[in-house]
$ cat data_31.txt   # compact mmCIF, C-alpha atoms and all ligand atoms
# COMPACT_ATOMS: atom_id res chain seq x y z
CA MET A 1 0.00 0.00 0.00
CA PRO A 2 1.50 3.37 -0.98
CA PRO A 3 2.18 5.76 1.89
CA ILE A 4 0.42 9.10 1.56
CA ASP A 5 2.36 12.25 2.27
CA THR A 6 0.19 14.63 4.27
CA ILE A 7 1.78 17.77 2.85
CA SER A 8 1.68 16.74 -0.83
CA LEU A 9 -1.97 15.76 -0.54
CA ALA A 10 -2.80 19.00 1.31
CA GLN A 11 -1.08 20.94 -1.49
CA ASP A 12 -3.00 19.05 -4.17
CA LEU A 13 -6.24 19.91 -2.37
CA ILE A 14 -5.39 23.59 -1.84
CA ARG A 15 -4.55 23.93 -5.55
CA LYS A 16 -8.23 23.24 -6.33
CA PRO A 17 -9.95 26.58 -5.61
CA SER A 18 -13.06 25.06 -4.05
CA VAL A 19 -14.79 28.16 -2.72
CA THR A 20 -18.31 27.13 -1.62
CA PRO A 21 -20.33 25.89 -3.51
CA THR A 22 -17.69 25.17 -6.19
CA ASP A 23 -15.79 21.88 -5.95
CA ALA A 24 -13.16 22.68 -8.61
CA GLY A 25 -11.91 19.08 -8.58
CA ALA A 26 -11.00 18.92 -4.89
CA LEU A 27 -13.11 15.85 -4.20
CA ASP A 28 -11.63 14.12 -7.28
CA VAL A 29 -8.18 14.52 -5.72
CA LEU A 30 -9.40 13.08 -2.45
CA GLN A 31 -11.33 10.25 -4.08
CA ALA A 32 -8.31 9.17 -6.14
CA ALA A 33 -6.17 8.97 -2.98
CA LEU A 34 -8.83 6.99 -1.12
CA GLU A 35 -9.52 4.59 -3.98
CA GLY A 36 -5.78 3.88 -4.07
CA LEU A 37 -6.13 2.68 -0.49
CA GLY A 38 -9.14 0.48 -1.27
CA PHE A 39 -11.94 2.73 -0.04
CA ALA A 40 -15.35 2.38 -1.73
CA CYS A 41 -16.29 5.93 -2.71
CA HIS A 42 -19.74 7.42 -3.22
CA ARG A 43 -20.16 10.89 -4.70
CA LEU A 44 -23.31 12.52 -3.39
CA PRO A 45 -24.25 15.76 -5.11
CA PHE A 46 -27.30 17.51 -3.64
CA GLY A 47 -29.14 20.72 -4.52
CA GLU A 48 -30.61 22.07 -7.73
CA GLY A 49 -29.48 25.68 -8.09
CA GLU A 50 -26.39 27.37 -9.51
CA THR A 51 -25.99 29.76 -6.58
CA GLY A 52 -27.76 30.56 -3.34
CA SER A 53 -28.73 28.29 -0.49
CA ASP A 54 -29.90 25.43 -2.76
CA ALA A 55 -26.79 25.54 -4.97
CA ARG A 56 -25.68 22.12 -6.15
CA VAL A 57 -22.92 20.86 -3.89
CA ASP A 58 -20.80 17.75 -4.22
CA ASN A 59 -20.05 15.47 -1.28
CA LEU A 60 -18.05 12.27 -0.76
CA TYR A 61 -18.65 9.31 1.49
CA ALA A 62 -15.88 6.72 1.45
CA ARG A 63 -15.67 3.54 3.48
CA LEU A 64 -13.11 0.82 3.86
CA GLY A 65 -14.46 -2.39 5.31
CA THR A 66 -17.98 -3.50 6.15
CA ALA A 67 -17.54 -4.57 9.77
CA ALA A 68 -18.60 -2.58 12.82
CA PRO A 69 -17.61 -0.36 14.48
CA ASN A 70 -17.53 2.22 11.72
CA PHE A 71 -15.10 4.97 12.68
CA CYS A 72 -15.66 8.16 10.66
CA PHE A 73 -13.41 11.11 9.90
CA ALA A 74 -15.60 14.07 8.93
CA GLY A 75 -14.78 17.39 7.35
CA HIS A 76 -15.07 19.62 4.34
CA THR A 77 -13.12 20.51 1.23
CA ASP A 78 -14.90 23.78 0.56
CA VAL A 79 -13.19 26.98 1.63
CA VAL A 80 -14.21 30.59 2.25
CA PRO A 81 -13.40 33.26 -0.36
CA THR A 82 -9.92 34.79 -0.37
CA GLY A 83 -11.04 38.38 0.13
CA GLU A 84 -8.82 41.09 -1.36
CA LEU A 85 -5.98 39.30 -3.15
CA ALA A 86 -3.75 42.33 -2.62
CA GLY A 87 -3.68 41.52 1.08
CA TRP A 88 -2.09 38.10 0.52
CA SER A 89 1.69 37.71 0.44
CA VAL A 90 1.26 34.47 -1.55
CA ASP A 91 -1.14 33.10 -4.17
CA PRO A 92 -3.90 31.63 -1.95
CA PHE A 93 -4.26 28.59 -4.23
CA ALA A 94 -0.57 27.91 -4.97
CA ALA A 95 0.02 25.94 -1.73
CA GLU A 96 3.58 27.19 -1.33
CA VAL A 97 5.77 25.94 1.49
CA LYS A 98 8.02 28.72 2.80
CA ASP A 99 10.26 28.32 5.84
CA GLY A 100 8.45 25.16 6.89
CA ILE A 101 4.98 26.70 6.65
CA LEU A 102 2.29 25.67 4.18
CA TYR A 103 0.33 28.68 2.95
CA GLY A 104 -3.03 28.75 1.23
CA ARG A 105 -6.77 28.97 1.59
CA GLY A 106 -7.82 25.81 3.44
CA ALA A 107 -4.40 25.03 4.95
CA SER A 108 -5.97 25.42 8.39
CA ASP A 109 -9.71 25.13 7.65
CA MET A 110 -9.46 22.34 6.74
CA LYS A 111 -7.77 20.73 3.76
CA GLY A 112 -4.66 20.14 5.86
CA ALA A 113 -6.68 18.01 8.28
CA VAL A 114 -8.42 16.14 5.45
CA ALA A 115 -4.98 15.23 4.07
CA ALA A 116 -3.93 14.11 7.57
CA PHE A 117 -7.02 11.85 7.75
CA VAL A 118 -5.93 10.06 4.59
CA SER A 119 -2.29 9.72 5.51
CA ALA A 120 -3.21 8.39 8.97
CA ALA A 121 -5.53 5.81 7.40
CA ALA A 122 -2.85 4.82 4.87
CA GLY A 123 -0.24 4.24 7.58
CA PHE A 124 -2.73 2.31 9.73
CA LEU A 125 -3.81 0.04 6.86
CA ASP A 126 -0.21 -0.53 5.85
CA ASP A 127 0.57 -1.86 9.33
CA ARG A 128 -2.65 -3.64 10.11
CA GLY A 129 -4.15 -4.74 6.80
CA GLU A 130 -7.89 -4.81 6.30
CA GLY A 131 -8.74 -7.28 9.07
CA PHE A 132 -8.55 -4.73 11.87
CA GLY A 133 -12.02 -5.44 13.19
CA GLY A 134 -14.08 -2.55 11.90
CA SER A 135 -14.42 0.06 9.20
CA ILE A 136 -12.88 3.44 8.53
CA SER A 137 -14.97 6.00 6.68
CA LEU A 138 -14.65 9.60 5.54
CA LEU A 139 -17.63 11.92 5.25
CA ILE A 140 -16.42 14.98 3.36
CA THR A 141 -18.74 17.75 2.29
CA GLY A 142 -18.40 20.68 -0.09
CA ASP A 143 -21.01 22.68 1.83
CA GLU A 144 -19.76 23.49 5.29
CA GLU A 145 -18.78 27.13 4.89
CA GLY A 146 -22.03 28.00 3.09
CA ASP A 147 -25.57 27.33 4.20
CA ALA A 148 -24.79 23.66 4.95
CA LEU A 149 -28.15 22.60 3.50
CA ASN A 150 -26.82 20.18 0.90
CA GLY A 151 -23.85 18.79 2.76
CA THR A 152 -23.32 16.69 5.87
CA ARG A 153 -26.98 16.65 6.88
CA LYS A 154 -28.06 15.16 3.54
CA VAL A 155 -25.20 12.66 3.50
CA LEU A 156 -26.31 11.48 6.95
CA ASP A 157 -29.87 11.08 5.63
CA TRP A 158 -28.51 9.07 2.70
CA LEU A 159 -26.56 6.82 5.07
CA GLY A 160 -29.71 6.30 7.12
CA GLU A 161 -31.69 5.27 4.02
CA ARG A 162 -28.99 2.68 3.26
CA GLY A 163 -29.14 1.40 6.84
CA GLU A 164 -25.54 2.41 7.32
CA THR A 165 -24.46 3.75 10.70
CA LEU A 166 -21.52 5.69 12.07
CA ASP A 167 -20.38 4.49 15.49
CA MET A 168 -18.04 7.36 16.33
CA CYS A 169 -16.87 10.43 14.47
CA LEU A 170 -13.88 12.74 14.62
CA VAL A 171 -14.34 16.10 12.89
CA GLY A 172 -11.11 17.79 11.74
CA GLU A 173 -12.00 21.45 12.28
CA PRO A 174 -9.06 23.55 13.49
CA THR A 175 -9.93 23.42 17.19
CA ASN A 176 -6.59 24.54 18.64
CA PRO A 177 -6.41 28.31 19.34
CA GLU A 178 -2.59 28.58 19.50
CA ALA A 179 -0.81 25.23 19.29
CA LEU A 180 -1.57 21.61 18.56
CA GLY A 181 -2.81 19.97 21.76
CA ASP A 182 -4.72 22.96 23.13
CA MET A 183 -8.29 21.86 22.69
CA ILE A 184 -10.74 19.13 21.74
CA LYS A 185 -14.28 20.29 21.18
CA ILE A 186 -16.93 18.04 22.68
CA GLY A 187 -19.92 20.21 21.91
CA ARG A 188 -20.88 23.56 20.58
CA ARG A 189 -23.08 26.40 21.60
CA GLY A 190 -26.27 26.97 19.66
CA SER A 191 -26.81 30.05 17.52
CA LEU A 192 -30.01 32.05 17.10
CA THR A 193 -30.38 35.16 14.97
CA GLY A 194 -33.37 37.42 15.52
CA HIS A 195 -34.60 40.05 13.05
CA LEU A 196 -36.85 42.54 14.83
CA THR A 197 -39.04 45.07 13.02
CA VAL A 198 -41.02 47.62 15.02
CA HIS A 199 -43.91 49.37 13.30
CA GLY A 200 -44.81 52.93 14.17
CA VAL A 201 -46.67 55.75 12.51
CA GLN A 202 -44.74 58.24 10.40
CA GLY A 203 -45.05 61.90 11.19
CA HIS A 204 -43.49 65.31 11.87
CA THR A 205 -41.08 65.43 14.81
CA ALA A 206 -42.82 68.66 15.91
CA TYR A 207 -46.17 66.83 16.11
CA PRO A 208 -45.30 63.55 17.84
CA HIS A 209 -48.85 63.09 19.19
CA LEU A 210 -49.95 62.49 15.60
CA ALA A 211 -47.26 59.85 15.05
CA ASP A 212 -45.80 56.88 16.93
CA ASN A 213 -42.04 56.64 17.04
CA PRO A 214 -40.84 53.07 16.45
CA VAL A 215 -37.24 54.05 17.24
CA HIS A 216 -38.17 54.85 20.83
CA ARG A 217 -39.94 51.53 21.17
CA LEU A 218 -37.02 49.68 19.59
CA VAL A 219 -34.56 51.31 22.00
CA HIS A 220 -36.63 50.10 24.97
CA MET A 221 -36.80 46.58 23.54
CA LEU A 222 -33.08 46.36 22.86
CA ASP A 223 -32.29 47.82 26.26
CA ALA A 224 -34.36 45.08 27.88
CA LEU A 225 -32.43 42.48 25.85
CA THR A 226 -28.98 43.72 26.72
CA ARG A 227 -29.82 44.05 30.43
CA ALA A 228 -30.92 40.42 30.71
CA THR A 229 -28.57 37.70 31.94
CA LEU A 230 -29.34 34.50 30.08
CA ASP A 231 -27.51 32.22 32.51
CA GLU A 232 -24.27 31.86 34.46
CA GLY A 233 -22.85 29.04 32.37
CA THR A 234 -23.19 25.27 32.90
CA GLU A 235 -20.80 22.42 33.64
CA HIS A 236 -19.30 22.25 30.14
CA PHE A 237 -20.40 25.60 28.72
CA GLN A 238 -19.59 29.29 29.07
CA PRO A 239 -22.49 31.66 29.84
CA SER A 240 -24.79 32.33 26.89
CA THR A 241 -24.22 35.66 25.18
CA LEU A 242 -26.34 38.10 23.22
CA GLN A 243 -25.00 40.70 20.81
CA ILE A 244 -26.93 43.27 18.81
CA SER A 245 -25.33 43.23 15.39
CA THR A 246 -27.15 46.05 13.64
CA VAL A 247 -29.81 48.71 14.18
CA ASP A 248 -31.34 50.09 11.01
CA VAL A 249 -33.67 53.03 10.56
CA GLY A 250 -32.27 54.54 7.39
CA ASN A 251 -33.97 57.84 8.00
CA PRO A 252 -32.20 60.71 6.20
CA ALA A 253 -34.43 63.46 7.60
CA ASN A 254 -34.09 64.98 11.07
CA ASN A 255 -37.68 66.26 11.16
CA VAL A 256 -39.44 63.01 10.28
CA ILE A 257 -40.48 60.26 12.66
CA PRO A 258 -39.92 57.10 10.62
CA ALA A 259 -42.56 54.43 10.10
CA THR A 260 -40.41 51.42 10.99
CA ALA A 261 -37.20 50.60 12.81
CA ARG A 262 -35.25 47.37 12.62
CA ALA A 263 -32.54 45.55 14.52
CA THR A 264 -30.75 42.21 14.24
CA PHE A 265 -29.17 40.34 17.11
CA ASN A 266 -27.40 37.02 17.60
CA ILE A 267 -27.51 34.77 20.65
CA ARG A 268 -24.88 32.05 21.27
CA PHE A 269 -26.52 29.77 23.78
CA ASN A 270 -25.56 26.84 25.96
CA ASP A 271 -27.37 23.64 26.94
CA ARG A 272 -29.67 25.49 29.35
CA HIS A 273 -31.65 26.80 26.36
CA SER A 274 -33.11 25.72 23.05
CA GLY A 275 -34.09 27.75 20.01
CA ASP A 276 -37.75 27.35 21.06
CA SER A 277 -37.23 28.32 24.69
CA LEU A 278 -35.29 31.42 23.67
CA THR A 279 -37.93 32.42 21.13
CA GLY A 280 -40.56 32.26 23.86
CA TRP A 281 -38.36 34.31 26.17
CA LEU A 282 -37.75 36.94 23.48
CA ARG A 283 -41.47 37.40 22.90
CA THR A 284 -42.09 37.82 26.62
CA VAL A 285 -39.35 40.44 26.89
CA PHE A 286 -40.47 42.32 23.77
CA ASP A 287 -44.20 42.23 24.63
CA GLU A 288 -43.36 43.93 27.90
CA ALA A 289 -40.79 46.42 26.59
CA VAL A 290 -42.57 47.54 23.41
CA GLY A 291 -45.28 49.23 25.47
CA PRO A 292 -49.01 49.49 24.72
CA ILE A 293 -50.39 49.95 21.22
CA GLY A 294 -50.50 53.69 20.69
CA GLN A 295 -53.57 55.82 19.98
CA THR A 296 -52.39 56.25 16.42
CA GLY A 297 -51.95 52.52 16.01
CA GLY A 298 -48.18 52.11 16.34
CA GLY A 299 -46.47 49.55 18.53
CA ARG A 300 -46.81 46.32 16.66
CA TYR A 301 -43.65 44.37 15.99
CA ASP A 302 -42.50 41.36 13.96
CA LEU A 303 -39.86 38.97 15.19
CA ASP A 304 -38.25 36.59 12.70
CA VAL A 305 -36.05 34.00 14.39
CA ARG A 306 -33.55 31.67 12.71
CA VAL A 307 -31.81 28.94 14.66
CA SER A 308 -28.77 27.74 12.72
CA GLY A 309 -27.89 25.12 15.32
CA GLU A 310 -29.04 23.96 18.74
CA SER A 311 -26.40 23.57 21.41
CA PHE A 312 -25.11 20.05 21.92
CA LEU A 313 -22.71 18.13 24.10
CA SER A 314 -21.10 14.72 23.63
CA GLU A 315 -20.71 13.70 27.26
CA PRO A 316 -17.04 12.72 27.60
CA GLY A 317 -16.85 8.91 27.29
CA PRO A 318 -14.44 6.28 25.94
CA PHE A 319 -14.27 7.86 22.47
CA VAL A 320 -13.37 11.35 23.69
CA ALA A 321 -10.87 9.71 26.08
CA ALA A 322 -9.22 7.90 23.14
CA VAL A 323 -8.87 11.16 21.21
CA ALA A 324 -7.48 12.97 24.27
CA GLU A 325 -4.95 10.19 24.87
CA ALA A 326 -3.77 10.31 21.26
CA VAL A 327 -3.34 14.08 21.49
CA GLU A 328 -1.40 13.86 24.74
CA ALA A 329 0.81 11.04 23.42
CA GLU A 330 1.95 13.30 20.56
CA THR A 331 2.03 16.73 22.17
CA GLY A 332 2.72 15.92 25.83
CA ARG A 333 -0.22 18.08 26.83
CA ALA A 334 -3.69 17.18 28.08
CA PRO A 335 -6.10 19.04 25.79
CA GLU A 336 -8.92 21.11 27.24
CA LEU A 337 -12.36 19.66 26.53
CA SER A 338 -14.28 22.69 25.31
CA THR A 339 -17.61 23.78 23.86
CA SER A 340 -16.47 27.26 22.82
CA GLY A 341 -16.52 28.87 19.41
CA GLY A 342 -18.91 28.81 16.48
CA THR A 343 -20.97 26.03 15.00
CA SER A 344 -19.71 23.17 12.83
CA ASP A 345 -21.15 20.14 11.08
CA ALA A 346 -20.68 18.22 14.34
CA ARG A 347 -24.12 19.67 15.18
CA PHE A 348 -25.65 17.30 12.63
CA ILE A 349 -23.45 14.28 13.41
CA GLN A 350 -24.15 14.39 17.16
CA ASN A 351 -27.66 13.09 16.44
CA HIS A 352 -26.09 9.87 15.10
CA CYS A 353 -23.06 8.93 17.21
CA PRO A 354 -20.49 10.22 19.70
CA VAL A 355 -18.57 13.04 18.03
CA ALA A 356 -15.46 15.00 18.94
CA GLU A 357 -13.58 17.67 17.02
CA PHE A 358 -9.83 17.99 16.78
CA GLY A 359 -7.79 19.47 13.96
CA GLY A 360 -5.05 21.97 13.29
CA VAL A 361 -4.40 25.42 14.69
CA GLY A 362 -7.19 27.86 13.90
CA LYS A 363 -5.62 31.27 14.35
CA THR A 364 -5.34 32.00 10.61
CA MET A 365 -8.58 30.39 9.46
CA HIS A 366 -10.71 32.56 7.17
CA LYS A 367 -7.87 35.15 7.17
CA ILE A 368 -5.40 36.40 4.60
CA ASP A 369 -2.21 34.30 4.45
CA GLU A 370 -4.00 31.30 5.98
CA GLN A 371 -1.27 28.84 6.91
CA GLN A 372 -0.32 25.75 8.85
CA PRO A 373 3.21 24.71 9.77
CA VAL A 374 4.31 21.53 8.01
CA ALA A 375 5.34 20.09 11.38
CA THR A 376 1.84 20.74 12.77
CA LEU A 377 0.16 18.87 9.93
CA GLU A 378 2.56 15.96 10.22
CA ALA A 379 1.96 15.78 13.98
CA LEU A 380 -1.79 15.98 13.33
CA ALA A 381 -1.54 12.94 11.04
CA ARG A 382 0.30 11.05 13.82
CA ILE A 383 -2.47 12.00 16.27
CA TYR A 384 -5.16 10.72 13.89
CA ARG A 385 -3.14 7.54 13.51
CA GLY A 386 -3.01 7.32 17.31
CA VAL A 387 -6.80 7.61 17.45
CA LEU A 388 -7.17 4.72 14.96
CA ASP A 389 -4.75 2.60 17.02
CA ARG A 390 -6.80 3.21 20.16
CA VAL A 391 -10.21 2.71 18.52
CA PHE A 392 -9.03 -0.54 16.87
CA PRO A 393 -6.52 -2.04 19.30
CA ALA A 394 -4.38 -4.79 17.79
ZN ZN B 1 -14.06 24.42 8.73
$ encode --input "data_31.txt" --output "structure tokens"
Amino acid sequence: MPPIDTISLAQDLIRKPSVTPTDAGALDVLQAALEGLGFACHRLPFGEGETGSDARVDNLYARLGTAAPNFCFAGHTDVVPTGELAGWSVDPFAAEVKDGILYGRGASDMKGAVAAFVSAAAGFLDDRGEGFGGSISLLITGDEEGDALNGTRKVLDWLGERGETLDMCLVGEPTNPEALGDMIKIGRRGSLTGHLTVHGVQGHTAYPHLADNPVHRLVHMLDALTRATLDEGTEHFQPSTLQISTVDVGNPANNVIPATARATFNIRFNDRHSGDSLTGWLRTVFDEAVGPIGQTGGGRYDLDVRVSGESFLSEPGPFVAAVAEAVEAETGRAPELSTSGGTSDARFIQNHCPVAEFGGVGKTMHKIDEQQPVATLEALARIYRGVLDRVFPA
């Protein structure tokens, strides 16, 4: 069985400019490497559109072996846009190595980790052959950085229809803030975005009794939101937070009371809440703070709530312990088990099996000059190999 070099494969992947929802041949590169190792590969395109949230997206599910348990590496080959090219000191899709550092869009998030998955599996299979008492699979989506409608969630549905199960899953997002070994993520906070529109009655600022100022009402409502404490944190989670992201009136005139006022806010919430419980709470707070319907009819409001992910936690068990041991064996440090940060596709996988996230160092993800030291990626591949050795003991 040919060994797979983590860095060469990462470079081959970075050289395919797979900005969501475009694949640009990235999954072909990955599939060729996996087929060389004997994986059965299934390409799973979903979605009908050219752009937008239903844009057609390609996905790959690959499995070696048919026995249980089925250990899954999960991740994505899509990347975020480069932003202003002038800001980059390198071509973001050239995958140059300079002074021991691999540069390029996806080096950190997360083509480097996807390459480390494959090289870890190659080394493991070379030593152990195919009779290792289980299966190794990869679930790789091209729709993680976008709306995530036609990616991991649909692949999981497809697996369910085939009666195929995952027994444990390691997601390769760049979980380490500063250095390899910092952090394993065992859950994530949920995210809720609220769009609030307050309706008033337009009028002259000199005749406010003939109008109803929605800006005043909105200010009261937002004040009530920012004064509230959602919770004090829970065993594995930080306190929930609420941030107002924009307030929009768009009124160019200083002598006009506008007819509507809008605001958007985002709540990152822990396991004490759900999207539904928070929506109920928001309505209670707003009903109180908006005040009575005015004589001129103002004071109604609309609240549009989107929950992009509920909070979840994989209670630390044998699988998380195996990942933590493999990390410590390589880095000499016991990683923190954390639920911090944004959402990831682990939110979908946690409905199916125990899931943990561990990947490279995230400090340059989504930034200009995204990079990952060569030594970090090689160590990451050894950690993934260590996880396989612990999940499938000889
Ligand atoms: Zn990512």
$ residues_near_point --input "data_31.txt" --point "(-24.1, 13.2, 3.3)" --cutoff "7 Å" --atoms "all atoms listed in the file" --output "NGL selection string"
:A and (44 or 59 or 61 or 139 or 151-158)
$ closest_residue --input "data_31.txt" --among "A:Glu235, A:Glu173, A:Asp287, A:Asp369" --to "ligand ZN 1 (chain B)" --atoms "only C-alpha atoms and all ligand atoms"
A:Glu173
$ atom_distance --input "data_31.txt" --atom1 "CA of Ala329 in chain A" --atom2 "CA of Ser314 in chain A"
22.2 Å
$ residues_around --input "data_31.txt" --residues "Thr77 in chain A" --least-positions-apart "3" --cutoff "12 Å" --atoms "all atoms listed in the file" --output "ChimeraX atom specification"
/A:10,12-31,57-60,74,80,105-115,138-146,151-152,172-173
$ closest_atom_pairs --input "data_31.txt" --of "range 156-271 of chain A" --to "range 296-301 of chain A" --cutoff "9 Å" --atoms "only C-alpha atoms" --output "Markdown table"
| residue | atom | partner | partner_atom | distance |
| --- | --- | --- | --- | --- |
| A:Leu196 | CA | A:Tyr301 | CA | 7.1 |
| A:Thr197 | CA | A:Tyr301 | CA | 5.5 |
| A:Val198 | CA | A:Tyr301 | CA | 4.3 |
| A:His199 | CA | A:Arg300 | CA | 5.4 |
| A:Gly200 | CA | A:Gly298 | CA | 4.1 |
| A:Val201 | CA | A:Gly298 | CA | 5.5 |
| A:His209 | CA | A:Thr296 | CA | 8.2 |
| A:Leu210 | CA | A:Thr296 | CA | 6.8 |
| A:Ala211 | CA | A:Thr296 | CA | 6.4 |
| A:Asp212 | CA | A:Gly298 | CA | 5.4 |
| A:Asn213 | CA | A:Gly298 | CA | 7.7 |
| A:Pro214 | CA | A:Gly299 | CA | 7.0 |
| A:Arg217 | CA | A:Gly299 | CA | 7.3 |
| A:Ala259 | CA | A:Gly298 | CA | 8.7 |
$ closest_residue --input "data_31.txt" --among "A:Asp304, A:Asp271, A:Asp126, A:Asp167" --to "Ala68 in chain A" --atoms "only C-alpha atoms"
A:Asp167
$ closest_residue --input "data_31.txt" --among "A:Arg56, A:His366, A:Arg385, A:Arg128" --to "ligand ZN 1 (chain B)" --atoms "only C-alpha atoms and all ligand atoms"
A:His366
$ closest_residue --input "data_31.txt" --among "A:Phe39, A:Phe124, A:Phe117, A:Phe312" --to "Gly75 in chain A" --atoms "only C-alpha atoms"
A:Phe117
$ atom_distance --input "data_31.txt" --atom1 "CA of Thr229 in chain A" --atom2 "CA of Pro316 in chain A"
27.9 Å
$ residues_around --input "data_31.txt" --residues "Arg272 in chain A" --least-positions-apart "2" --cutoff "8 Å" --atoms "all atoms listed in the file" --output "MDAnalysis selection string"
chainID A and resid 231 234 269:270 274
$ atom_distance --input "data_31.txt" --atom1 "CA of Ala116 in chain A" --atom2 "CA of Leu313 in chain A"
25.3 Å
$ closest_residue --input "data_31.txt" --among "A:Thr284, A:Ser277, A:Thr51, A:Ser191" --to "Gln243 in chain A" --atoms "all atoms listed in the file"
A:Ser191
$ closest_residue --input "data_31.txt" --among "A:Ala381, A:Val323, A:Ala148, A:Val355" --to "ligand ZN 1 (chain B)" --atoms "all atoms listed in the file"
A:Ala148
$ residues_around --input "data_31.txt" --residues "Gly309 in chain A" --least-positions-apart "5" --cutoff "10 Å" --atoms "all atoms listed in the file" --output "list of chain:residue names"
A:Arg188, A:Arg189, A:Gly190, A:Ser191, A:Leu192, A:Arg268, A:Phe269, A:Ser274, A:Gly275, A:Gly342, A:Thr343, A:Ser344, A:Asp345, A:Arg347, A:Phe348
$ decode --input "data_31.txt" --residues "range 305-333 of chain A" --atoms "C-alpha atoms" --output "PDB file, in the first residue's frame"
ATOM      1  CA  VAL A 305     -36.054  33.998  14.393  1.00  0.00           C
ATOM      2  CA  ARG A 306     -33.550  31.670  12.707  1.00  0.00           C
ATOM      3  CA  VAL A 307     -31.814  28.940  14.662  1.00  0.00           C
ATOM      4  CA  SER A 308     -28.769  27.741  12.724  1.00  0.00           C
ATOM      5  CA  GLY A 309     -27.893  25.121  15.317  1.00  0.00           C
ATOM      6  CA  GLU A 310     -29.037  23.959  18.740  1.00  0.00           C
ATOM      7  CA  SER A 311     -26.401  23.569  21.410  1.00  0.00           C
ATOM      8  CA  PHE A 312     -25.109  20.051  21.923  1.00  0.00           C
ATOM      9  CA  LEU A 313     -22.707  18.132  24.101  1.00  0.00           C
ATOM     10  CA  SER A 314     -21.101  14.719  23.631  1.00  0.00           C
ATOM     11  CA  GLU A 315     -20.706  13.695  27.264  1.00  0.00           C
ATOM     12  CA  PRO A 316     -17.037  12.722  27.601  1.00  0.00           C
ATOM     13  CA  GLY A 317     -16.848   8.912  27.292  1.00  0.00           C
ATOM     14  CA  PRO A 318     -14.442   6.280  25.937  1.00  0.00           C
ATOM     15  CA  PHE A 319     -14.273   7.860  22.472  1.00  0.00           C
ATOM     16  CA  VAL A 320     -13.371  11.347  23.691  1.00  0.00           C
ATOM     17  CA  ALA A 321     -10.874   9.711  26.081  1.00  0.00           C
ATOM     18  CA  ALA A 322      -9.221   7.896  23.139  1.00  0.00           C
ATOM     19  CA  VAL A 323      -8.866  11.163  21.213  1.00  0.00           C
ATOM     20  CA  ALA A 324      -7.481  12.973  24.271  1.00  0.00           C
ATOM     21  CA  GLU A 325      -4.946  10.186  24.874  1.00  0.00           C
ATOM     22  CA  ALA A 326      -3.768  10.308  21.265  1.00  0.00           C
ATOM     23  CA  VAL A 327      -3.344  14.082  21.495  1.00  0.00           C
ATOM     24  CA  GLU A 328      -1.400  13.857  24.735  1.00  0.00           C
ATOM     25  CA  ALA A 329       0.812  11.044  23.415  1.00  0.00           C
ATOM     26  CA  GLU A 330       1.952  13.301  20.558  1.00  0.00           C
ATOM     27  CA  THR A 331       2.027  16.727  22.172  1.00  0.00           C
ATOM     28  CA  GLY A 332       2.721  15.916  25.826  1.00  0.00           C
ATOM     29  CA  ARG A 333      -0.217  18.081  26.831  1.00  0.00           C
TER      30      ARG A 333
END
